[in-house]
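Undergrad: Before I ask anything, let me first share the structure, which is written out below as structure tokens.
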Amino acid sequence: MSETLFSISFDELCQVEGIEGELIIEIVEYGIVMPINKPSDQIRYEQWLFDTGAIHWVKKALRLRQDLEIDWVAIAMVIKLMQQKEALQKENRLYQRQLRRFIPSGDLD
Amino acid sequence: MSETLFSISFDELCQVEGIEGELIIEIVEYGIVMPINKPSDQIRYEQWLFDTGAIHWVKKALRLRQDLEIDWVAIAMVIKLMQQKEALQKENRLYQRQLRRFIPSGDLD
Amino acid sequence: MEFKDYYKILCVEPDANAKTIKTAYRKLAHKYHPDMNPDEGAEAKFKEVAEAYHVLKNEQLRAEFDELRQYGSQSRHDFQPPPGWKAPPNTGQQGGSQFHGDFSDFFNSIFGGRGQSHHAQGFDQAQRSARGQDIEIELPIFLEETLKESQKTVEFVMPADDYAQTAPSKKHLKVKIPQGVMDGERIRLKGQGKPGHQGGTAGDLYLHIRVVPHPLFDVQGHNIIITIPLSPWEAALGTKISVPTLDGKIHLTIPPDSQSGDKLRVKGKGLKTKTLIGDMFAVVKVTMPEKTSEKGKQLWQELANSEDFDPRLEWST
Amino acid sequence: MEFKDYYKILCVEPDANAKTIKTAYRKLAHKYHPDMNPDEGAEAKFKEVAEAYHVLKNEQLRAEFDELRQYGSQSRHDFQPPPGWKAPPNTGQQGGSQFHGDFSDFFNSIFGGRGQSHHAQGFDQAQRSARGQDIEIELPIFLEETLKESQKTVEFVMPADDYAQTAPSKKHLKVKIPQGVMDGERIRLKGQGKPGHQGGTAGDLYLHIRVVPHPLFDVQGHNIIITIPLSPWEAALGTKISVPTLDGKIHLTIPPDSQSGDKLRVKGKGLKTKTLIGDMFAVVKVTMPEKTSEKGKQLWQELANSEDFDPRLEWST
């Protein structure tokens, strides 16, 4: 039976992506992702914990940086917009499903 | 009675924003906006026509570039995502309105 | 007037170099930029950050600020420029970005109109051209009005002149709204924006069309959707009803044994542009009376006994 | 094998300088990047562009390519490297971005495994660490399964080893799915990804939770919504019905004179996490029988006569 985790530590994240801790601190400073234990602010970065959804965005941010050579400010903006888009798409699917319960023929055409 | 227009010419756009034509060509090259008569491709840029919605995005692109000092690739990505977000929000509003016709009490809470 | 410590605003040390200042600015700016952050207060925060950067990125302004800062830091809350400080008269705000050039009283008291043209390359409208600014306003329009060309009187406030002394003024403008405008479209009224300066042309006025949500019709592309409330007996027996459209009523035949959610298409009763005409979709919604009479209750009971119907058949499979 | 003209792919002249090449690459890359463009074919196009850039941005690779290009441009459609061309053996693909390092046969035939580690700074995983790659798979889960901790057997394909000779293989893994997982969440299984190389630790396996749309229940936050089909007489007279929830049936009292769209709240029958329990909302939907008996028609007619009800009252105001 494998252990299931919902988080990843700062150290582990450094290993996963093979990137410097500084880069991760940078990513956090730009607000691309937020450690789940950050708010207390007393926490040193070595103790940061990220949720497993954050890893997905960290990887995407690194990929965008590498593939498109855009800087952190731009990446932060792009990631934020992508996250908002994802949330809207999810909302959309819910509304559509709900609507179809009342109009089974679904979308107009 | 004022004349209503749905487009703006390349020349006019240069005056509006007080920017060089080169910058506008750049914006078009990055796909941030598209002249409405572009597809024919034979059209020289001096003859480009933009729809009045495009102006809105041109201005936003210039503002982002000035205020945040991000480059064109990043601006193109940000603008594209903003446009997609806007479309999703519009769709969302339609679904919500439709849903409320069948569930008048609207959102759950 | 409160003293503004631009270093504190950007969270940098007073000896920070240009690169550090730029990085600090951008980190804060992308967080609070009104295009990225709709929160109340974000725009004000962005303006503050932009003003700090505007001063600190310019060597001369920064030097002047540094000088003042030593003086100002002693009288933080009731700052006045030192006697003899040569603040040029405020020449007002100038174009470019909608954010730059909109500086605080503190800024204006120490720098006046100076340094307001340090825009990025290509944006330096105020110096190269005196074309008036564009103005954009929202124009609410009823769905019915989009069916044919209509006339509207548009009211808006013309902002104060950038250079001279005119105050903001109310403007009225008669406008022809073309057939088939859609929600979110922008209409351009050439030369109806802010007047130009020194012979420059006037800016344009943009009308951002907002189609007012209709009590009966929803819009989907060029089609409109109406919900048709039917009593259960109308749905069961079928009926002919009079249905509103955007231009007058039509008669619609509801077939017997209609169901909630059934959709009837009415050709050509949607939105109209010069090139295409949408349809209207009528969606059946079976609606119950608010109250039932004693006679009614008896009839409902008889129906319950007579009809062989399990509305929740899907639950048992 | 087809000859790939990397200059054509980037739309640049063969004498383009490094800056032009970079600009050309970025212009194309942001258009086709899989994170930005979901269209079919976009990813293939991006990989092509990335490969071209990978070669042309590297002086040595570019020089070798230029040499080959003169040779290759003669036999465009059936390209073979010239006799004696020293293509090192393909050492396989290596980590970093999910796109870089995934080169065409053409690339491999001329450069082999060389030049595959020219990633941007900070990404050069392959050289600094031999930790295995992470793997992410989608895990469909039924809504009912989220109510309590459950066990699942996860099946996935372990990709081929980057370095050695193992083929892709099917893996089975028993996994404990915690109570209250939500759609879109990711679960991490430490060390269950690709094995490491030369003593490196294994990568992780991520399970991306996809809650399967339920035939009856919709999810909104921690609440669930069920539509309750009622016959018109049930709605009029009220009734007691048995309603499914995620864990067994409950009895629900429908009051008389219920209306389509009415919403009943059933406390505590929503989704459950360790810290909170959502509610179930039951939404009434008045549903007509598919067919009406002769007796029924008569009763409907009597109801029509007996009840004083205008379902379309809102249209006349």
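Each chain of the structure tokens is named A, B, ... in the order shown, its residues numbered from 1; ligands are numbered from 1 in display order.
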What residues in chain B lie within 10 Å of chain A, counting only C-alpha atoms, written as number ranges by chain?
TA: B: 68-75, 77-82, 84-89, 91-96, 98-103
Undergrad: Each residue of chain D with at least one atom at most 10 Å from chain B should appear once, together with its nearest atom pair and the corresponding distance in Å (one decimal); atoms considered: only C-alpha atoms; ordering: chain, then increasing residue number; output as a tab-separated table.
TA:
```
residue	atom	partner	partner_atom	distance
D:Thr23	CA	B:Val73	CA	9.1
D:Arg26	CA	B:Val73	CA	6.8
D:Lys27	CA	B:Tyr30	CA	6.3
D:Leu28	CA	B:Tyr30	CA	8.7
D:Ala29	CA	B:Val73	CA	9.1
D:His30	CA	B:Val73	CA	6.7
D:Lys31	CA	B:Gly31	CA	8.3
D:Met36	CA	B:Met77	CA	7.6
D:Gln220	CA	B:Leu108	CA	8.1
D:Gly221	CA	B:Leu108	CA	9.8
D:Asn223	CA	B:Leu108	CA	8.4
D:Ile224	CA	B:Leu108	CA	9.7
D:Ile225	CA	B:Leu108	CA	9.0
D:Gln259	CA	B:Ile103	CA	9.9
D:Ser260	CA	B:Phe102	CA	7.2
D:Gly261	CA	B:Ile103	CA	4.2
D:Asp262	CA	B:Ile103	CA	6.9
D:Lys263	CA	B:Ser105	CA	7.7
D:Arg265	CA	B:Leu108	CA	9.7
D:Asp279	CA	B:Asp109	CA	9.6
D:Phe281	CA	B:Leu108	CA	8.0
D:Val283	CA	B:Ile103	CA	7.6
D:Val284	CA	B:Ile103	CA	8.7
D:Lys285	CA	B:Phe102	CA	8.6
```
Undergrad: Can those selected residues be exported to a file as a PDB file, in the first residue's frame so that it contains C-alpha atoms?
TA:
```
ATOM      1  CA  THR D  23      12.963  36.625 -31.628  1.00  0.00           C
ATOM      2  CA  ARG D  26       9.757  33.168 -29.368  1.00  0.00           C
ATOM      3  CA  LYS D  27       7.188  34.574 -31.781  1.00  0.00           C
ATOM      4  CA  LEU D  28       6.357  31.085 -32.986  1.00  0.00           C
ATOM      5  CA  ALA D  29       6.785  29.360 -29.647  1.00  0.00           C
ATOM      6  CA  HIS D  30       4.218  31.368 -27.723  1.00  0.00           C
ATOM      7  CA  LYS D  31       1.678  30.681 -30.446  1.00  0.00           C
ATOM      8  CA  MET D  36      -1.170  28.236 -24.566  1.00  0.00           C
ATOM      9  CA  GLN D 220     -21.006  22.742  -5.892  1.00  0.00           C
ATOM     10  CA  GLY D 221     -18.248  23.198  -3.373  1.00  0.00           C
ATOM     11  CA  ASN D 223     -22.755  20.699  -1.394  1.00  0.00           C
ATOM     12  CA  ILE D 224     -24.484  18.405  -3.832  1.00  0.00           C
ATOM     13  CA  ILE D 225     -27.587  19.113  -5.855  1.00  0.00           C
ATOM     14  CA  GLN D 259     -43.324  24.680  -7.609  1.00  0.00           C
ATOM     15  CA  SER D 260     -40.747  23.829 -10.249  1.00  0.00           C
ATOM     16  CA  GLY D 261     -37.423  25.215  -9.041  1.00  0.00           C
ATOM     17  CA  ASP D 262     -38.292  25.019  -5.342  1.00  0.00           C
ATOM     18  CA  LYS D 263     -35.259  24.030  -3.338  1.00  0.00           C
ATOM     19  CA  ARG D 265     -32.141  21.575   1.927  1.00  0.00           C
ATOM     20  CA  ASP D 279     -25.545  19.661   2.473  1.00  0.00           C
ATOM     21  CA  PHE D 281     -30.116  20.500  -2.107  1.00  0.00           C
ATOM     22  CA  VAL D 283     -34.557  20.992  -6.605  1.00  0.00           C
ATOM     23  CA  VAL D 284     -38.127  20.297  -7.716  1.00  0.00           C
ATOM     24  CA  LYS D 285     -38.761  19.716 -11.400  1.00  0.00           C
TER      25      LYS D 285
END
```
Undergrad: Kindly determine which residues of chain C lie within 6 Å of chain D, considering only C-alpha atoms, and give the answer as an MDAnalysis selection string.
TA: chainID C and resid 229:231 233 259 288:289 300 309 311:312
Undergrad: Would you mind exporting N, CA, C and O atoms of the selected residues as a PDB file, in the first residue's frame?
TA:
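And here's selection-v4.pdb as it stands now:
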```pdb
ATOM      1  N   PRO C 229     -43.695  29.408 -19.613  1.00  0.00           N
ATOM      2  CA  PRO C 229     -44.379  28.734 -18.509  1.00  0.00           C
ATOM      3  C   PRO C 229     -45.718  28.181 -18.996  1.00  0.00           C
ATOM      4  O   PRO C 229     -46.500  28.897 -19.634  1.00  0.00           O
ATOM      5  N   LEU C 230     -45.963  26.916 -18.727  1.00  0.00           N
ATOM      6  CA  LEU C 230     -47.235  26.291 -19.108  1.00  0.00           C
ATOM      7  C   LEU C 230     -47.857  25.669 -17.874  1.00  0.00           C
ATOM      8  O   LEU C 230     -47.140  25.132 -17.027  1.00  0.00           O
ATOM      9  N   SER C 231     -49.171  25.735 -17.805  1.00  0.00           N
ATOM     10  CA  SER C 231     -49.827  24.971 -16.755  1.00  0.00           C
ATOM     11  C   SER C 231     -49.743  23.498 -17.147  1.00  0.00           C
ATOM     12  O   SER C 231     -49.576  23.174 -18.324  1.00  0.00           O
ATOM     13  N   TRP C 233     -51.982  21.293 -17.435  1.00  0.00           N
ATOM     14  CA  TRP C 233     -53.011  20.868 -18.387  1.00  0.00           C
ATOM     15  C   TRP C 233     -52.734  21.380 -19.796  1.00  0.00           C
ATOM     16  O   TRP C 233     -53.021  20.710 -20.769  1.00  0.00           O
ATOM     17  N   GLN C 259     -43.319  18.430 -22.639  1.00  0.00           N
ATOM     18  CA  GLN C 259     -42.538  18.145 -21.433  1.00  0.00           C
ATOM     19  C   GLN C 259     -41.716  19.373 -21.034  1.00  0.00           C
ATOM     20  O   GLN C 259     -41.291  20.134 -21.893  1.00  0.00           O
ATOM     21  N   MET C 288     -46.651  25.189 -11.744  1.00  0.00           N
ATOM     22  CA  MET C 288     -47.820  24.831 -10.940  1.00  0.00           C
ATOM     23  C   MET C 288     -48.532  26.089 -10.454  1.00  0.00           C
ATOM     24  O   MET C 288     -47.896  27.122 -10.235  1.00  0.00           O
ATOM     25  N   PRO C 289     -49.861  25.980 -10.277  1.00  0.00           N
ATOM     26  CA  PRO C 289     -50.587  27.094  -9.670  1.00  0.00           C
ATOM     27  C   PRO C 289     -50.076  27.301  -8.246  1.00  0.00           C
ATOM     28  O   PRO C 289     -49.605  26.354  -7.603  1.00  0.00           O
ATOM     29  N   TRP C 300     -56.857  16.377  -8.935  1.00  0.00           N
ATOM     30  CA  TRP C 300     -55.460  15.912  -8.889  1.00  0.00           C
ATOM     31  C   TRP C 300     -55.420  14.472  -8.379  1.00  0.00           C
ATOM     32  O   TRP C 300     -54.694  13.635  -8.902  1.00  0.00           O
ATOM     33  N   PHE C 309     -47.806   6.639 -14.161  1.00  0.00           N
ATOM     34  CA  PHE C 309     -46.645   7.476 -14.435  1.00  0.00           C
ATOM     35  C   PHE C 309     -45.699   7.489 -13.240  1.00  0.00           C
ATOM     36  O   PHE C 309     -46.097   7.815 -12.132  1.00  0.00           O
ATOM     37  N   PRO C 311     -42.529   9.459 -12.302  1.00  0.00           N
ATOM     38  CA  PRO C 311     -41.618  10.520 -12.732  1.00  0.00           C
ATOM     39  C   PRO C 311     -40.155  10.240 -12.365  1.00  0.00           C
ATOM     40  O   PRO C 311     -39.257  10.858 -12.925  1.00  0.00           O
ATOM     41  N   ARG C 312     -39.949   9.341 -11.416  1.00  0.00           N
ATOM     42  CA  ARG C 312     -38.574   9.091 -10.954  1.00  0.00           C
ATOM     43  C   ARG C 312     -38.081   7.710 -11.362  1.00  0.00           C
ATOM     44  O   ARG C 312     -37.341   7.056 -10.656  1.00  0.00           O
TER      45      ARG C 312
END
```
Undergrad: Neighbouring residues of B:Asn37 were defined as those with any atom within 9 Å, considering only C-alpha atoms; residues of the same chain fewer than 4 positions away were excluded. Please report them as a PDB file with N, CA, C and O atoms, in the first residue's frame.
TA:
```pdb
ATOM      1  N   ASP B  41      -3.858  39.218 -46.819  1.00  0.00           N
ATOM      2  CA  ASP B  41      -2.395  39.166 -46.805  1.00  0.00           C
ATOM      3  C   ASP B  41      -1.711  40.031 -47.865  1.00  0.00           C
ATOM      4  O   ASP B  41      -0.533  40.339 -47.759  1.00  0.00           O
ATOM      5  N   ILE B  43      -2.693  42.932 -48.431  1.00  0.00           N
ATOM      6  CA  ILE B  43      -2.880  44.266 -47.882  1.00  0.00           C
ATOM      7  C   ILE B  43      -1.596  44.779 -47.252  1.00  0.00           C
ATOM      8  O   ILE B  43      -0.990  44.105 -46.431  1.00  0.00           O
ATOM      9  N   GLN B  47      -2.767  50.084 -45.134  1.00  0.00           N
ATOM     10  CA  GLN B  47      -4.202  49.959 -45.434  1.00  0.00           C
ATOM     11  C   GLN B  47      -4.956  49.156 -44.375  1.00  0.00           C
ATOM     12  O   GLN B  47      -6.151  48.923 -44.495  1.00  0.00           O
ATOM     13  N   TRP B  48      -4.214  48.721 -43.348  1.00  0.00           N
ATOM     14  CA  TRP B  48      -4.873  47.938 -42.306  1.00  0.00           C
ATOM     15  C   TRP B  48      -6.040  48.698 -41.686  1.00  0.00           C
ATOM     16  O   TRP B  48      -5.981  49.911 -41.478  1.00  0.00           O
ATOM     17  N   LEU B  49      -7.076  47.938 -41.382  1.00  0.00           N
ATOM     18  CA  LEU B  49      -8.220  48.463 -40.633  1.00  0.00           C
ATOM     19  C   LEU B  49      -8.399  47.600 -39.385  1.00  0.00           C
ATOM     20  O   LEU B  49      -8.336  46.378 -39.462  1.00  0.00           O
ATOM     21  N   PHE B  50      -8.627  48.231 -38.252  1.00  0.00           N
ATOM     22  CA  PHE B  50      -8.848  47.485 -37.017  1.00  0.00           C
ATOM     23  C   PHE B  50     -10.272  47.716 -36.542  1.00  0.00           C
ATOM     24  O   PHE B  50     -10.820  48.805 -36.731  1.00  0.00           O
TER      25      PHE B  50
END
```
Undergrad: Among chain B, which residues carry a DSSP assignment of helix (DSSP H, G or I), reported as a ChimeraX atom specification?
TA: /B:10-17,21-29,45-47,52-68,72-102
Undergrad: If you count only C-alpha atoms, which residues fall within 12 Å of C:Thr275, apart from same-chain ones fewer than 3 positions away, as a PyMOL selection string?
TA: chain C and resi 179-180+222+271-272+278
Undergrad: For N, CA, C and O atoms, I'd like the residues from the last selection saved as a compact mmCIF listing (two decimals), in the first residue's frame.
TA:
```txt
# COMPACT_ATOMS: atom_id res chain seq x y z
N GLN C 179 -27.95 49.04 -36.71
CA GLN C 179 -28.67 47.79 -36.50
C GLN C 179 -27.69 46.68 -36.10
O GLN C 179 -26.56 46.65 -36.59
N GLY C 180 -28.14 45.81 -35.21
CA GLY C 180 -27.36 44.61 -34.93
C GLY C 180 -26.16 44.78 -34.03
O GLY C 180 -25.28 43.90 -34.01
N HIS C 222 -26.56 34.85 -31.96
CA HIS C 222 -27.63 35.61 -32.62
C HIS C 222 -29.01 35.08 -32.30
O HIS C 222 -30.02 35.57 -32.81
N LEU C 271 -31.92 37.81 -33.11
CA LEU C 271 -31.32 39.11 -33.36
C LEU C 271 -31.08 39.29 -34.86
O LEU C 271 -30.91 38.33 -35.59
N LYS C 272 -31.06 40.55 -35.26
CA LYS C 272 -30.90 40.84 -36.68
C LYS C 272 -29.68 41.73 -36.89
O LYS C 272 -29.52 42.76 -36.25
N GLY C 278 -31.08 35.73 -36.52
CA GLY C 278 -31.09 34.57 -35.63
C GLY C 278 -32.50 34.04 -35.41
O GLY C 278 -33.48 34.56 -35.93
```
Undergrad: Identify, on the basis of only C-alpha atoms, every residue whose closest approach to A:His56 does not exceed 10 Å; exclude the query and any residue fewer than 2 positions from it along the same chain; express the result as a VMD selection string.
TA: (chain A and resid 33 51 to 54 58 to 61) or (chain D and resid 136 186 206)
Undergrad: Put those residues in a file: C-alpha atoms, as a short mmCIF file (atom, residue, chain, number, x, y, z; two decimals), in the first residue's frame.
TA:
```cif
data_model
loop_
_atom_site.label_atom_id
_atom_site.label_comp_id
_atom_site.auth_asym_id
_atom_site.auth_seq_id
_atom_site.Cartn_x
_atom_site.Cartn_y
_atom_site.Cartn_z
CA VAL A 33 2.57 29.71 -5.70
CA ASP A 51 0.35 21.45 -1.68
CA THR A 52 0.54 19.05 -4.56
CA GLY A 53 -1.53 21.36 -6.75
CA ALA A 54 1.13 24.03 -6.34
CA VAL A 58 5.65 25.44 -10.30
CA LYS A 59 6.44 23.01 -13.07
CA LYS A 60 4.35 24.94 -15.54
CA ALA A 61 6.10 28.17 -14.55
CA GLU D 136 1.17 12.18 -13.49
CA ARG D 186 -3.52 15.95 -6.86
CA TYR D 206 0.87 12.10 -9.00
#
```
Undergrad: Quick one: everything within 9 Å of D:Ala18, counting only C-alpha atoms, minus sequence neighbours fewer than 4 positions away in the same chain. Send it as a PyMOL selection string.
TA: chain D and resi 22-23+56-57
Undergrad: What's around stretch 208-213 of chain C at 7 Å? Count only C-alpha atoms, leave out sequence neighbours fewer than 3 positions away in its own chain, and write the answer as an NGL selection string.
TA: :C and (136-143 or 183-187)
Undergrad: Provide the atom CA of D:Asn17 to atom CA of B:Leu64 distance in Å, to one decimal place.
TA: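 According to the coordinates, atom CA of D:Asn17 and atom CA of B:Leu64 are separated by 28.6 Å.
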Undergrad: Rounded to one decimal, what separation in Å do you get between atom CA of D:Pro34 and atom CA of D:Phe46?
TA: 7.6 Å
Undergrad: As a PyMOL selection string, please: all residues of stretch 85-287 of chain D that backbone DSSP puts in strand (DSSP E or B).
TA: chain D and resi 135-141+150-158+169-177+186-189+205-211+217-220+223-230+239-245+248-254+263-266+272+277+280-286
Undergrad: Selected residues, C-alpha atoms, written as a tab-separated table (two decimals), in the first residue's frame, please.
TA:
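Output contents, as saved in selection18.tsv:
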```tsv
chain	number	residue	atom	x	y	z
D	135	ILE	CA	4.69	10.79	-13.55
D	136	GLU	CA	1.17	12.18	-13.49
D	137	ILE	CA	-1.93	10.21	-14.33
D	138	GLU	CA	-5.61	10.97	-14.15
D	139	LEU	CA	-7.55	9.00	-11.57
D	140	PRO	CA	-11.31	8.85	-12.12
D	141	ILE	CA	-13.20	8.54	-8.87
D	150	SER	CA	-11.05	4.01	0.06
D	151	GLN	CA	-8.61	1.66	-1.59
D	152	LYS	CA	-7.98	1.70	-5.29
D	153	THR	CA	-5.74	-0.22	-7.58
D	154	VAL	CA	-4.08	2.24	-9.91
D	155	GLU	CA	-2.88	1.06	-13.28
D	156	PHE	CA	-0.39	3.04	-15.28
D	157	VAL	CA	2.38	2.67	-17.80
D	158	MET	CA	5.88	3.27	-16.52
D	169	SER	CA	5.86	-1.51	-18.58
D	170	LYS	CA	2.45	-1.75	-17.01
D	171	LYS	CA	2.37	-1.09	-13.30
D	172	HIS	CA	-0.25	-1.87	-10.66
D	173	LEU	CA	-0.31	-0.03	-7.40
D	174	LYS	CA	-2.62	-0.26	-4.40
D	175	VAL	CA	-3.41	3.20	-3.17
D	176	LYS	CA	-5.26	4.57	-0.17
D	177	ILE	CA	-7.49	7.43	-1.32
D	186	ARG	CA	-3.52	15.95	-6.86
D	187	ILE	CA	-2.36	13.11	-4.64
D	188	ARG	CA	1.34	12.42	-4.36
D	189	LEU	CA	2.79	8.96	-4.10
D	205	LEU	CA	3.62	9.50	-8.99
D	206	TYR	CA	0.87	12.10	-9.00
D	207	LEU	CA	-2.77	11.09	-9.18
D	208	HIS	CA	-4.87	13.87	-10.64
D	209	ILE	CA	-8.33	13.31	-9.20
D	210	ARG	CA	-11.19	13.46	-11.68
D	211	VAL	CA	-14.54	13.05	-10.02
D	217	PHE	CA	-25.84	14.60	-8.34
D	218	ASP	CA	-24.06	17.79	-9.25
D	219	VAL	CA	-21.32	19.16	-7.02
D	220	GLN	CA	-21.01	22.74	-5.89
D	223	ASN	CA	-22.75	20.70	-1.39
D	224	ILE	CA	-24.48	18.41	-3.83
D	225	ILE	CA	-27.59	19.11	-5.85
D	226	ILE	CA	-30.20	16.62	-6.95
D	227	THR	CA	-33.12	17.31	-9.25
D	228	ILE	CA	-36.39	15.84	-8.00
D	229	PRO	CA	-38.82	15.00	-10.81
D	230	LEU	CA	-42.39	15.23	-9.53
D	239	THR	CA	-46.12	13.68	-1.09
D	240	LYS	CA	-43.49	11.68	0.69
D	241	ILE	CA	-40.82	10.29	-1.53
D	242	SER	CA	-37.71	8.23	-1.14
D	243	VAL	CA	-34.70	10.17	-2.39
D	244	PRO	CA	-31.24	8.78	-3.09
D	245	THR	CA	-28.26	10.36	-1.37
D	248	GLY	CA	-28.45	5.38	0.97
D	249	LYS	CA	-32.00	6.61	0.57
D	250	ILE	CA	-33.78	9.11	2.74
D	251	HIS	CA	-37.42	10.10	3.01
D	252	LEU	CA	-38.29	13.57	1.92
D	253	THR	CA	-41.59	15.36	2.47
D	254	ILE	CA	-42.74	17.44	-0.46
D	263	LYS	CA	-35.26	24.03	-3.34
D	264	LEU	CA	-35.20	21.83	-0.26
D	265	ARG	CA	-32.14	21.57	1.93
D	266	VAL	CA	-31.11	18.26	3.40
D	272	LYS	CA	-17.61	14.93	3.68
D	277	ILE	CA	-19.82	18.14	5.92
D	280	MET	CA	-27.74	18.23	-0.24
D	281	PHE	CA	-30.12	20.50	-2.11
D	282	ALA	CA	-33.16	18.93	-3.73
D	283	VAL	CA	-34.56	20.99	-6.61
D	284	VAL	CA	-38.13	20.30	-7.72
D	285	LYS	CA	-38.76	19.72	-11.40
D	286	VAL	CA	-42.38	19.18	-12.39
```
